[in-house]
>>> print(open('query21.cif').read())   # mmCIF, C-alpha atoms; chains and numbers go by the auth columns
data_query
#
loop_
_atom_site.group_PDB
_atom_site.id
_atom_site.type_symbol
_atom_site.label_atom_id
_atom_site.label_comp_id
_atom_site.label_asym_id
_atom_site.label_seq_id
_atom_site.Cartn_x
_atom_site.Cartn_y
_atom_site.Cartn_z
_atom_site.B_iso_or_equiv
_atom_site.auth_seq_id
_atom_site.auth_asym_id
ATOM 1 C CA MET A 1 5.291 -23.681 -31.827 0.00 1 A
ATOM 2 C CA LYS A 2 5.372 -27.457 -31.480 0.00 2 A
ATOM 3 C CA SER A 3 8.175 -29.190 -29.639 0.00 3 A
ATOM 4 C CA ASN A 4 9.698 -31.924 -31.772 0.00 4 A
ATOM 5 C CA LEU A 5 12.148 -34.346 -30.199 0.00 5 A
ATOM 6 C CA LEU A 6 11.888 -36.893 -33.005 0.00 6 A
ATOM 7 C CA PRO A 7 14.979 -37.579 -35.162 0.00 7 A
ATOM 8 C CA ILE A 8 13.115 -36.211 -38.211 0.00 8 A
ATOM 9 C CA ALA A 9 11.539 -32.739 -38.340 0.00 9 A
ATOM 10 C CA TYR A 10 7.746 -32.702 -38.737 0.00 10 A
ATOM 11 C CA GLU A 11 8.079 -30.668 -41.924 0.00 11 A
ATOM 12 C CA GLY A 12 9.745 -33.611 -43.664 0.00 12 A
ATOM 13 C CA PHE A 13 7.150 -36.256 -42.805 0.00 13 A
ATOM 14 C CA ARG A 14 4.940 -35.665 -45.841 0.00 14 A
ATOM 15 C CA TYR A 15 7.847 -35.888 -48.301 0.00 15 A
ATOM 16 C CA ILE A 16 9.003 -39.134 -46.728 0.00 16 A
ATOM 17 C CA LEU A 17 5.482 -40.609 -46.741 0.00 17 A
ATOM 18 C CA TYR A 18 4.931 -39.575 -50.373 0.00 18 A
ATOM 19 C CA SER A 19 8.198 -41.265 -51.336 0.00 19 A
ATOM 20 C CA ILE A 20 7.270 -44.449 -49.461 0.00 20 A
ATOM 21 C CA ALA A 21 3.852 -44.507 -51.142 0.00 21 A
ATOM 22 C CA ALA A 22 5.455 -44.002 -54.554 0.00 22 A
ATOM 23 C CA PHE A 23 7.924 -46.817 -53.854 0.00 23 A
ATOM 24 C CA MET A 24 5.118 -49.230 -52.975 0.00 24 A
ATOM 25 C CA ILE A 25 3.112 -48.345 -56.099 0.00 25 A
ATOM 26 C CA PHE A 26 6.072 -48.588 -58.469 0.00 26 A
ATOM 27 C CA TRP A 27 7.218 -51.837 -56.838 0.00 27 A
ATOM 28 C CA ALA A 28 3.736 -53.336 -57.190 0.00 28 A
ATOM 29 C CA PHE A 29 3.751 -52.570 -60.932 0.00 29 A
ATOM 30 C CA ASP A 30 7.363 -53.759 -61.410 0.00 30 A
ATOM 31 C CA PHE A 31 8.687 -50.302 -62.298 0.00 31 A
ATOM 32 C CA GLU A 32 12.029 -51.165 -60.753 0.00 32 A
ATOM 33 C CA PHE A 33 13.928 -48.016 -61.696 0.00 33 A
ATOM 34 C CA LEU A 34 11.195 -45.721 -60.385 0.00 34 A
ATOM 35 C CA ALA A 35 10.864 -47.837 -57.248 0.00 35 A
ATOM 36 C CA LEU A 36 14.601 -47.540 -56.635 0.00 36 A
ATOM 37 C CA THR A 37 14.450 -43.789 -57.207 0.00 37 A
ATOM 38 C CA SER A 38 11.601 -43.475 -54.693 0.00 38 A
ATOM 39 C CA ALA A 39 13.512 -45.543 -52.142 0.00 39 A
ATOM 40 C CA ILE A 40 16.540 -43.288 -52.533 0.00 40 A
ATOM 41 C CA LEU A 41 14.333 -40.226 -52.062 0.00 41 A
ATOM 42 C CA VAL A 42 13.133 -41.589 -48.718 0.00 42 A
ATOM 43 C CA PHE A 43 16.696 -41.540 -47.397 0.00 43 A
ATOM 44 C CA VAL A 44 17.444 -38.182 -49.044 0.00 44 A
ATOM 45 C CA PHE A 45 14.482 -36.542 -47.283 0.00 45 A
ATOM 46 C CA MET A 46 15.400 -38.223 -43.999 0.00 46 A
ATOM 47 C CA PHE A 47 18.860 -36.674 -44.322 0.00 47 A
ATOM 48 C CA ILE A 48 17.643 -33.208 -45.294 0.00 48 A
ATOM 49 C CA TYR A 49 15.090 -33.082 -42.471 0.00 49 A
ATOM 50 C CA ARG A 50 17.213 -34.713 -39.789 0.00 50 A
ATOM 51 C CA ASN A 51 16.584 -33.194 -36.393 0.00 51 A
ATOM 52 C CA PRO A 52 19.569 -33.791 -34.088 0.00 52 A
ATOM 53 C CA GLU A 53 19.607 -32.854 -30.451 0.00 53 A
ATOM 54 C CA ARG A 54 21.861 -29.894 -29.739 0.00 54 A
ATOM 55 C CA GLU A 55 23.541 -29.053 -26.461 0.00 55 A
ATOM 56 C CA VAL A 56 23.017 -25.388 -25.646 0.00 56 A
ATOM 57 C CA VAL A 57 26.372 -23.944 -24.613 0.00 57 A
ATOM 58 C CA ILE A 58 26.224 -21.626 -21.589 0.00 58 A
ATOM 59 C CA PHE A 59 27.715 -18.235 -22.437 0.00 59 A
ATOM 60 C CA GLU A 60 27.649 -14.879 -20.669 0.00 60 A
ATOM 61 C CA PRO A 61 24.328 -13.029 -20.157 0.00 61 A
ATOM 62 C CA ASN A 62 22.948 -11.333 -23.301 0.00 62 A
ATOM 63 C CA SER A 63 24.609 -13.910 -25.573 0.00 63 A
ATOM 64 C CA VAL A 64 23.107 -14.600 -29.009 0.00 64 A
ATOM 65 C CA LEU A 65 23.462 -17.963 -30.756 0.00 65 A
ATOM 66 C CA SER A 66 23.295 -18.759 -34.449 0.00 66 A
ATOM 67 C CA PRO A 67 19.741 -19.548 -35.621 0.00 67 A
ATOM 68 C CA VAL A 68 20.972 -21.613 -38.559 0.00 68 A
ATOM 69 C CA ASP A 69 23.672 -24.023 -39.735 0.00 69 A
ATOM 70 C CA GLY A 70 25.920 -22.706 -42.491 0.00 70 A
ATOM 71 C CA VAL A 71 28.951 -20.649 -43.434 0.00 71 A
ATOM 72 C CA VAL A 72 29.394 -16.906 -42.858 0.00 72 A
ATOM 73 C CA ALA A 73 29.469 -15.515 -46.419 0.00 73 A
ATOM 74 C CA SER A 74 29.649 -11.799 -45.608 0.00 74 A
ATOM 75 C CA ILE A 75 29.685 -9.268 -42.786 0.00 75 A
ATOM 76 C CA GLN A 76 28.621 -5.757 -43.768 0.00 76 A
ATOM 77 C CA GLU A 77 28.198 -2.457 -41.981 0.00 77 A
ATOM 78 C CA ILE A 78 24.906 -0.884 -43.037 0.00 78 A
ATOM 79 C CA LYS A 79 23.295 2.507 -42.636 0.00 79 A
ATOM 80 C CA ASP A 80 19.994 1.971 -40.904 0.00 80 A
ATOM 81 C CA GLU A 81 18.181 3.604 -38.011 0.00 81 A
ATOM 82 C CA ARG A 82 17.788 0.328 -36.117 0.00 82 A
ATOM 83 C CA TYR A 83 20.605 -1.894 -37.389 0.00 83 A
ATOM 84 C CA GLY A 84 24.311 -1.383 -37.806 0.00 84 A
ATOM 85 C CA TYR A 85 25.512 -4.670 -39.308 0.00 85 A
ATOM 86 C CA LYS A 86 24.300 -7.504 -41.520 0.00 86 A
ATOM 87 C CA ILE A 87 25.655 -11.046 -41.452 0.00 87 A
ATOM 88 C CA ALA A 88 24.874 -13.380 -44.358 0.00 88 A
ATOM 89 C CA VAL A 89 24.999 -17.139 -43.708 0.00 89 A
ATOM 90 C CA GLU A 90 24.777 -19.583 -46.611 0.00 90 A
ATOM 91 C CA SER A 91 23.102 -22.934 -45.931 0.00 91 A
ATOM 92 C CA GLY A 92 22.972 -25.914 -48.272 0.00 92 A
ATOM 93 C CA CYS A 93 21.274 -29.296 -48.385 0.00 93 A
ATOM 94 C CA LEU A 94 24.200 -30.859 -46.499 0.00 94 A
ATOM 95 C CA ASN A 95 23.545 -28.620 -43.490 0.00 95 A
ATOM 96 C CA VAL A 96 20.935 -29.396 -40.851 0.00 96 A
ATOM 97 C CA SER A 97 17.859 -27.490 -42.029 0.00 97 A
ATOM 98 C CA VAL A 98 16.220 -26.982 -38.598 0.00 98 A
ATOM 99 C CA LEU A 99 16.103 -23.340 -37.442 0.00 99 A
ATOM 100 C CA ARG A 100 16.536 -22.373 -33.779 0.00 100 A
ATOM 101 C CA VAL A 101 15.732 -19.310 -31.678 0.00 101 A
ATOM 102 C CA PRO A 102 18.916 -17.218 -31.110 0.00 102 A
ATOM 103 C CA PHE A 103 18.070 -15.941 -27.593 0.00 103 A
ATOM 104 C CA ASP A 104 15.217 -15.755 -25.084 0.00 104 A
ATOM 105 C CA SER A 105 12.868 -13.316 -26.769 0.00 105 A
ATOM 106 C CA THR A 106 9.447 -12.340 -28.037 0.00 106 A
ATOM 107 C CA LEU A 107 8.685 -12.432 -31.740 0.00 107 A
ATOM 108 C CA SER A 108 7.716 -8.812 -32.378 0.00 108 A
ATOM 109 C CA GLU A 109 7.407 -9.004 -36.192 0.00 109 A
ATOM 110 C CA VAL A 110 6.792 -11.742 -38.773 0.00 110 A
ATOM 111 C CA THR A 111 6.607 -11.032 -42.522 0.00 111 A
ATOM 112 C CA VAL A 112 6.267 -13.747 -45.171 0.00 112 A
ATOM 113 C CA LYS A 113 6.777 -12.978 -48.863 0.00 113 A
ATOM 114 C CA LYS A 114 6.102 -15.504 -51.619 0.00 114 A
ATOM 115 C CA GLY A 115 8.187 -15.357 -54.752 0.00 115 A
ATOM 116 C CA ALA A 116 10.700 -17.070 -57.013 0.00 116 A
ATOM 117 C CA ARG A 117 13.433 -19.581 -56.227 0.00 117 A
ATOM 118 C CA LEU A 118 16.338 -18.178 -58.202 0.00 118 A
ATOM 119 C CA SER A 119 19.936 -19.184 -57.647 0.00 119 A
ATOM 120 C CA GLU A 120 21.893 -17.029 -55.223 0.00 120 A
ATOM 121 C CA LYS A 121 24.233 -16.300 -58.126 0.00 121 A
ATOM 122 C CA SER A 122 21.483 -14.133 -59.581 0.00 122 A
ATOM 123 C CA SER A 123 21.831 -10.455 -58.710 0.00 123 A
ATOM 124 C CA ILE A 124 18.099 -10.177 -57.966 0.00 124 A
ATOM 125 C CA PHE A 125 17.477 -13.331 -55.951 0.00 125 A
ATOM 126 C CA LYS A 126 17.289 -11.384 -52.660 0.00 126 A
ATOM 127 C CA VAL A 127 14.518 -9.231 -54.105 0.00 127 A
ATOM 128 C CA LEU A 128 12.411 -11.823 -55.944 0.00 128 A
ATOM 129 C CA ASN A 129 12.875 -15.046 -53.971 0.00 129 A
ATOM 130 C CA GLU A 130 10.572 -16.340 -51.256 0.00 130 A
ATOM 131 C CA ASN A 131 11.620 -15.024 -47.873 0.00 131 A
ATOM 132 C CA ILE A 132 10.498 -14.566 -44.317 0.00 132 A
ATOM 133 C CA GLU A 133 11.570 -11.893 -41.825 0.00 133 A
ATOM 134 C CA LEU A 134 11.391 -12.393 -38.072 0.00 134 A
ATOM 135 C CA THR A 135 12.315 -9.836 -35.406 0.00 135 A
ATOM 136 C CA PHE A 136 13.325 -11.259 -32.040 0.00 136 A
ATOM 137 C CA SER A 137 13.166 -8.795 -29.129 0.00 137 A
ATOM 138 C CA ALA A 138 14.235 -9.158 -25.492 0.00 138 A
ATOM 139 C CA THR A 139 14.240 -5.474 -24.499 0.00 139 A
ATOM 140 C CA PRO A 140 13.781 -2.180 -26.405 0.00 140 A
ATOM 141 C CA SER A 141 17.540 -2.141 -27.118 0.00 141 A
ATOM 142 C CA ASN A 142 18.252 -5.881 -27.383 0.00 142 A
ATOM 143 C CA PHE A 143 16.753 -7.186 -30.624 0.00 143 A
ATOM 144 C CA LEU A 144 17.737 -8.533 -34.022 0.00 144 A
ATOM 145 C CA LYS A 145 16.088 -9.357 -37.322 0.00 145 A
ATOM 146 C CA VAL A 146 16.535 -12.650 -39.140 0.00 146 A
ATOM 147 C CA ARG A 147 15.651 -12.882 -42.834 0.00 147 A
ATOM 148 C CA HIS A 148 15.582 -16.341 -44.441 0.00 148 A
ATOM 149 C CA VAL A 149 15.730 -16.297 -48.270 0.00 149 A
ATOM 150 C CA LEU A 150 14.991 -19.530 -50.133 0.00 150 A
ATOM 151 C CA THR A 151 17.317 -20.286 -53.062 0.00 151 A
ATOM 152 C CA GLN A 152 17.090 -23.013 -55.730 0.00 152 A
ATOM 153 C CA SER A 153 15.110 -25.820 -54.117 0.00 153 A
ATOM 154 C CA LEU A 154 12.125 -28.060 -54.770 0.00 154 A
ATOM 155 C CA LEU A 155 11.410 -27.870 -51.041 0.00 155 A
ATOM 156 C CA SER A 156 9.873 -24.941 -49.200 0.00 156 A
ATOM 157 C CA PHE A 157 11.037 -23.248 -46.028 0.00 157 A
ATOM 158 C CA GLU A 158 8.559 -23.407 -43.168 0.00 158 A
ATOM 159 C CA VAL A 159 8.201 -21.697 -39.805 0.00 159 A
ATOM 160 C CA ASN A 160 5.756 -22.595 -37.039 0.00 160 A
ATOM 161 C CA VAL A 161 5.840 -19.457 -34.889 0.00 161 A
ATOM 162 C CA LYS A 162 3.620 -16.390 -34.809 0.00 162 A
ATOM 163 C CA LYS A 163 3.829 -12.745 -33.837 0.00 163 A
ATOM 164 C CA SER A 164 3.934 -11.905 -30.095 0.00 164 A
ATOM 165 C CA GLN A 165 4.958 -15.457 -29.215 0.00 165 A
ATOM 166 C CA THR A 166 7.457 -15.849 -26.368 0.00 166 A
ATOM 167 C CA LEU A 167 10.366 -18.085 -27.363 0.00 167 A
ATOM 168 C CA ARG A 168 13.142 -19.843 -25.510 0.00 168 A
ATOM 169 C CA LYS A 169 16.749 -19.863 -26.692 0.00 169 A
ATOM 170 C CA ALA A 170 17.551 -22.829 -29.006 0.00 170 A
ATOM 171 C CA ALA A 171 13.879 -23.797 -29.479 0.00 171 A
ATOM 172 C CA ARG A 172 13.104 -25.091 -32.970 0.00 172 A
ATOM 173 C CA TYR A 173 10.974 -22.749 -35.060 0.00 173 A
ATOM 174 C CA GLY A 174 11.102 -24.093 -38.623 0.00 174 A
ATOM 175 C CA VAL A 175 13.253 -25.432 -41.449 0.00 175 A
ATOM 176 C CA LEU A 176 15.268 -23.936 -44.317 0.00 176 A
ATOM 177 C CA PRO A 177 16.372 -26.716 -46.718 0.00 177 A
ATOM 178 C CA ASN A 178 18.518 -24.461 -48.909 0.00 178 A
ATOM 179 C CA GLY A 179 19.002 -20.721 -48.695 0.00 179 A
ATOM 180 C CA VAL A 180 20.674 -17.631 -47.300 0.00 180 A
ATOM 181 C CA THR A 181 20.009 -16.233 -43.841 0.00 181 A
ATOM 182 C CA GLU A 182 20.615 -12.530 -43.261 0.00 182 A
ATOM 183 C CA ILE A 183 20.995 -11.481 -39.631 0.00 183 A
ATOM 184 C CA TYR A 184 20.565 -7.765 -38.912 0.00 184 A
ATOM 185 C CA ILE A 185 22.081 -6.688 -35.608 0.00 185 A
ATOM 186 C CA PRO A 186 21.961 -3.340 -33.760 0.00 186 A
ATOM 187 C CA ARG A 187 25.039 -1.284 -32.982 0.00 187 A
ATOM 188 C CA ASN A 188 24.962 -2.232 -29.297 0.00 188 A
ATOM 189 C CA PHE A 189 26.295 -5.648 -30.230 0.00 189 A
ATOM 190 C CA ARG A 190 29.746 -7.203 -29.914 0.00 190 A
ATOM 191 C CA LEU A 191 30.284 -9.559 -32.833 0.00 191 A
ATOM 192 C CA ASN A 192 32.012 -12.896 -32.271 0.00 192 A
ATOM 193 C CA VAL A 193 32.162 -14.376 -35.811 0.00 193 A
ATOM 194 C CA ASN A 194 34.426 -13.887 -38.809 0.00 194 A
ATOM 195 C CA LEU A 195 34.078 -14.334 -42.544 0.00 195 A
ATOM 196 C CA GLY A 196 34.198 -18.025 -43.479 0.00 196 A
ATOM 197 C CA ASP A 197 33.261 -19.337 -40.026 0.00 197 A
ATOM 198 C CA LYS A 198 31.114 -22.471 -39.949 0.00 198 A
ATOM 199 C CA LEU A 199 28.101 -21.979 -37.710 0.00 199 A
ATOM 200 C CA ILE A 200 25.983 -24.546 -35.896 0.00 200 A
ATOM 201 C CA ALA A 201 22.486 -23.521 -34.836 0.00 201 A
ATOM 202 C CA SER A 202 22.108 -23.130 -31.023 0.00 202 A
ATOM 203 C CA GLU A 203 25.805 -23.917 -30.461 0.00 203 A
ATOM 204 C CA SER A 204 27.805 -21.234 -32.281 0.00 204 A
ATOM 205 C CA LEU A 205 28.037 -17.825 -30.595 0.00 205 A
ATOM 206 C CA LEU A 206 27.192 -14.824 -32.794 0.00 206 A
ATOM 207 C CA GLY A 207 28.038 -12.293 -30.085 0.00 207 A
ATOM 208 C CA TYR A 208 26.620 -10.294 -27.185 0.00 208 A
ATOM 209 C CA PHE A 209 24.293 -7.396 -26.620 0.00 209 A
ATOM 210 C CA ILE A 210 26.374 -4.782 -24.832 0.00 210 A
ATOM 211 C CA SER A 211 23.536 -3.018 -23.034 0.00 211 A
ATOM 212 C CA LEU A 212 22.020 -4.836 -20.067 0.00 212 A
ATOM 213 C CA PRO A 213 18.238 -5.251 -19.788 0.00 213 A
#
>>> encode(input="query21.cif", output="structure tokens")
Amino acid sequence: MKSNLLPIAYEGFRYILYSIAAFMIFWAFDFEFLALTSAILVFVFMFIYRNPEREVVIFEPNSVLSPVDGVVASIQEIKDERYGYKIAVESGCLNVSVLRVPFDSTLSEVTVKKGARLSEKSSIFKVLNENIELTFSATPSNFLKVRHVLTQSLLSFEVNVKKSQTLRKAARYGVLPNGVTEIYIPRNFRLNVNLGDKLIASESLLGYFISLP
């Protein structure tokens, strides 16, 4: 995982450079409309991939922060051997796309699945769309799974972490330009969010693990 303190996330550099190159070519050949479009795209990509500094709020031990910016779309109780609840957070192009580690942990599982980019209004987008699942673990009982699902977007989601990597709370680990993030939490967790809450990655508190390490 690379540390990036620049105002623009690394993942956006190539889109910005492509747009600048296109602007210069179109401008040289007097294609004014296309040059203007390319110039606008430069600022659009700079906005989408903005990388602001975030102040990590100090909460109680075993606290878990939001890994993503967005709005809580649903909170469901599920029947699963490992997880008791699922939180869905919707993120759009107006949200900061940078993803952040929710708590000090080790990445015990990483699964990437390529697929479609259907709208979230489709009943099968969660099954067919590109997604990545990451399981963050601090102890055998303190863990959670984060599943990022890409929705309609010309841009891809990217992560720059790997299995067994040790991660620090609030560290950047990738980008999700437009999508839905599902957070699976175990039953030994005290939830601190409600439906409709606006979350800010590394600043908003999801809740606490009840069991101590």
>>> resolve_selection(input="query21.cif", expression="the PyMOL selection byres ((chain A and resi 166-176) around 8)", output="PyMOL selection string")
chain A and resi 1+3-4+11+49+56+65+67+97-107+148+150+156-161+164-165+177-179+201-202
>>> resolve_selection(input="query21.cif", expression="the PyMOL selection byres ((chain A and resi 80-95) around 7)", output="NGL selection string")
:A and (48 or 69-79 or 96-97 or 177-187)
>>> atom_distance(input="query21.cif", atom1="CA of Leu155 in chain A", atom2="CA of Arg50 in chain A")
14.4 Å
>>> closest_residue(input="query21.cif", among="A:Glu120, A:Glu133, A:Glu203, A:Glu53", to="Ala9 in chain A", atoms="only C-alpha atoms")
A:Glu53
>>> resolve_selection(input="query21.cif", expression="the PyMOL selection byres ((chain A and resi 142) around 9)", output="PyMOL selection string")
chain A and resi 62+136-141+143-144+186+188-189+209-213
>>> axis_aligned_box(input="query21.cif", around="range 36-41 of chain A", padding_each_side="8 Å", output="JSON")
{"center_x": 14.1, "center_y": -43.9, "center_z": -54.6, "size_x": 20.9, "size_y": 23.3, "size_z": 21.1}
>>> atom_distance(input="query21.cif", atom1="CA of Lys162 in chain A", atom2="CA of Lys114 in chain A")
17.0 Å
>>> atom_distance(input="query21.cif", atom1="CA of Arg190 in chain A", atom2="CA of Val146 in chain A")
17.0 Å
>>> closest_residue(input="query21.cif", among="A:Arg14, A:Lys126, A:Lys163, A:Lys198", to="Thr111 in chain A", atoms="all atoms listed in the file")
A:Lys163
>>> closest_residue(input="query21.cif", among="A:Tyr10, A:Leu41, A:Glu109, A:Ser204", to="Ala22 in chain A", atoms="all atoms listed in the file")
A:Leu41
>>> closest_residue(input="query21.cif", among="A:Phe59, A:Phe43, A:Phe29, A:Tyr18", to="Leu206 in chain A", atoms="all atoms listed in the file")
A:Phe59
>>> closest_residue(input="query21.cif", among="A:Ser119, A:Ser108, A:Met24, A:Leu17", to="Phe45 in chain A", atoms="only C-alpha atoms")
A:Leu17
>>> residues_around(input="query21.cif", residues="Ala35 in chain A", least_positions_apart="3", cutoff="12 Å", atoms="only C-alpha atoms", output="PyMOL selection string")
chain A and resi 19-32+38-42
>>> residues_around(input="query21.cif", residues="Lys113 in chain A", least_positions_apart="4", cutoff="10 Å", atoms="only C-alpha atoms", output="VMD selection string")
chain A and resid 128 to 133 149
>>> closest_residue(input="query21.cif", among="A:Phe13, A:Ile200, A:Thr151, A:Ser63", to="Ile124 in chain A", atoms="only C-alpha atoms")
A:Thr151
>>> decode(input="query21.cif", residues="range 76-167 of chain A", atoms="C-alpha atoms", output="tab-separated table (two decimals), in the first residue's frame")
chain	number	residue	atom	x	y	z
A	76	GLN	CA	-30.33	-5.39	7.71
A	77	GLU	CA	-30.12	-8.26	10.15
A	78	ILE	CA	-28.84	-11.35	8.34
A	79	LYS	CA	-28.59	-15.03	9.15
A	80	ASP	CA	-24.96	-15.99	8.82
A	81	GLU	CA	-22.51	-17.98	10.91
A	82	ARG	CA	-19.99	-15.13	11.06
A	83	TYR	CA	-22.04	-11.97	10.54
A	84	GLY	CA	-25.20	-10.64	12.11
A	85	TYR	CA	-25.82	-7.37	10.26
A	86	LYS	CA	-25.23	-5.75	6.88
A	87	ILE	CA	-24.97	-2.02	6.28
A	88	ALA	CA	-25.27	-0.69	2.72
A	89	VAL	CA	-23.69	2.69	1.94
A	90	GLU	CA	-24.37	4.39	-1.40
A	91	SER	CA	-21.58	6.54	-2.84
A	92	GLY	CA	-21.82	8.80	-5.88
A	93	CYS	CA	-19.46	10.89	-7.99
A	94	LEU	CA	-19.99	13.88	-5.67
A	95	ASN	CA	-18.53	11.94	-2.73
A	96	VAL	CA	-14.81	11.62	-2.10
A	97	SER	CA	-13.88	8.34	-3.78
A	98	VAL	CA	-10.86	7.47	-1.59
A	99	LEU	CA	-11.35	4.39	0.61
A	100	ARG	CA	-9.88	4.16	4.12
A	101	VAL	CA	-9.13	1.34	6.56
A	102	PRO	CA	-11.87	1.15	9.26
A	103	PHE	CA	-9.65	0.01	12.17
A	104	ASP	CA	-6.15	-1.28	12.94
A	105	SER	CA	-6.24	-4.72	11.37
A	106	THR	CA	-4.78	-7.37	9.11
A	107	LEU	CA	-6.33	-8.07	5.73
A	108	SER	CA	-7.24	-11.74	6.08
A	109	GLU	CA	-9.15	-12.14	2.79
A	110	VAL	CA	-9.25	-10.35	-0.57
A	111	THR	CA	-11.53	-11.46	-3.43
A	112	VAL	CA	-11.88	-9.56	-6.71
A	113	LYS	CA	-14.66	-10.38	-9.18
A	114	LYS	CA	-14.89	-8.82	-12.64
A	115	GLY	CA	-18.30	-8.26	-14.14
A	116	ALA	CA	-20.88	-5.80	-15.42
A	117	ARG	CA	-21.57	-2.20	-14.43
A	118	LEU	CA	-25.35	-2.21	-14.17
A	119	SER	CA	-27.33	0.48	-12.41
A	120	GLU	CA	-28.11	-0.17	-8.76
A	121	LYS	CA	-31.78	0.03	-9.76
A	122	SER	CA	-31.34	-3.34	-11.42
A	123	SER	CA	-32.36	-6.26	-9.22
A	124	ILE	CA	-29.27	-8.25	-10.25
A	125	PHE	CA	-26.55	-5.60	-10.06
A	126	LYS	CA	-25.18	-7.03	-6.78
A	127	VAL	CA	-24.71	-10.40	-8.45
A	128	LEU	CA	-23.33	-9.39	-11.86
A	129	ASN	CA	-21.42	-6.16	-11.22
A	130	GLU	CA	-17.70	-5.87	-10.57
A	131	ASN	CA	-16.96	-6.13	-6.87
A	132	ILE	CA	-14.23	-6.69	-4.36
A	133	GLU	CA	-14.50	-8.21	-0.87
A	134	LEU	CA	-12.02	-7.46	1.89
A	135	THR	CA	-12.03	-8.93	5.40
A	136	PHE	CA	-10.34	-6.84	8.07
A	137	SER	CA	-9.38	-8.74	11.25
A	138	ALA	CA	-7.94	-7.51	14.55
A	139	THR	CA	-8.64	-10.59	16.69
A	140	PRO	CA	-10.54	-13.87	16.14
A	141	SER	CA	-13.74	-12.14	17.32
A	142	ASN	CA	-13.13	-8.59	16.08
A	143	PHE	CA	-13.45	-8.54	12.29
A	144	LEU	CA	-15.68	-7.26	9.51
A	145	LYS	CA	-16.10	-7.71	5.78
A	146	VAL	CA	-16.34	-4.84	3.33
A	147	ARG	CA	-17.75	-5.47	-0.15
A	148	HIS	CA	-17.44	-2.68	-2.74
A	149	VAL	CA	-19.79	-3.06	-5.75
A	150	LEU	CA	-19.21	-0.83	-8.77
A	151	THR	CA	-22.36	0.65	-10.33
A	152	GLN	CA	-22.80	2.61	-13.58
A	153	SER	CA	-19.43	4.25	-14.22
A	154	LEU	CA	-16.84	4.65	-16.94
A	155	LEU	CA	-14.21	4.54	-14.20
A	156	SER	CA	-13.02	1.45	-12.36
A	157	PHE	CA	-12.63	0.90	-8.64
A	158	GLU	CA	-9.08	0.14	-7.54
A	159	VAL	CA	-7.46	-1.16	-4.37
A	160	ASN	CA	-3.74	-1.28	-3.60
A	161	VAL	CA	-3.64	-3.72	-0.68
A	162	LYS	CA	-3.01	-7.45	-0.54
A	163	LYS	CA	-3.86	-10.40	1.67
A	164	SER	CA	-2.05	-10.67	5.05
A	165	GLN	CA	-1.08	-7.00	4.94
A	166	THR	CA	-1.13	-5.13	8.26
A	167	LEU	CA	-3.09	-1.88	8.00
